[in-house]
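Okay, so here's the structure we're looking at.
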Amino acid sequence: MKGIASWVTRYDHSLIQLVNCHWKCRWLDWLMPRITHLGGPTATIGFLLAWYLFMPKEFKTWAVEGVIALAGSHLIVRVLKMLMPRIRPYLRLEHLHTFPNPLTDYSFPSGHTTAAFSVAMTFILHSTVFMAILLPYAIIVGFSRMYLALHYPTDVLIGTCLGSAFAVGSVYLFQVI
């Protein structure tokens with residue numbers, strides 16, 4: 001078990017260095033701090049609220065399912081951050097580039113990635129038409145979290161799994177009811 005943990009740590013450190021240091025450029029330095037907010041509460045809740053308010057009646061339940069997936073996954077993220085307090089990469093690894101106003105709470109798992117995937121997958125499960133827009137959106141939010149040195153790749157991977165699982169559960173719940 002120690003060997004696996006050691007391998008995961010080495011993988012996390014080398015991949016975060018690749019994304020944060022080797023891919024660093026002026027264009028991404030400008031873009032990633034803006035993209036990352038698309039996984040935050042204002043963007044995700046705002047999208048779901050707008051969908052609910054402005055879409056025809058037969059599509060409103062998608063927003064309700066998205067809210068349930070978002071709320072449920074966020075609750076698990078909060079619990080995991082308390083149970084598994086992992087220091088953010090930029091606080092642990094000296095050579096990483098930081099950006100203005102970095103977060104100081106724990107990094108595991110990525111809440112922004114979880115939120116982006118919980119909303120994106122809810123809509124993708126209803127119509128694959130959304131896959132071309134929402135899947136890249138969620139992936140880029142996860143990438144931005146690593147680029148900004150706020151999360152390790154495993155934080156983002158677990159956030160992806162959590163958000164997707166809660167989306168599947170929420171959509172399934174509404175199909176059963």
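All residue names refer to the structure tokens as shown: chains lettered A, B, ... in order, residues numbered from 1 in each chain, ligands numbered from 1 in order.
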Once DSSP has gone over the backbone, tell me which residues of chain A are in helix (DSSP H, G or I), as an NGL selection string. :A and (2-22 or 26-39 or 41-54 or 57-83 or 89-92 or 111-126 or 128-147 or 153-176)
Across A:His95, A:His126, A:Lys81, A:His37, the smallest distance to Arg145 (chain A), with only C-alpha atoms counted, is shown by A:His37
Provide the CA of Thr44 (chain A) to CA of Val64 (chain A) distance in Å, to one decimal place.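 Computed distance, CA of Thr44 (chain A) to CA of Val64 (chain A), equals 12.4 Å.
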Kindly give the distance, in Å, that separates CA of Leu157 (chain A) and CA of Ser6 (chain A), rounded to a single decimal.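 The value is 17.3 Å.
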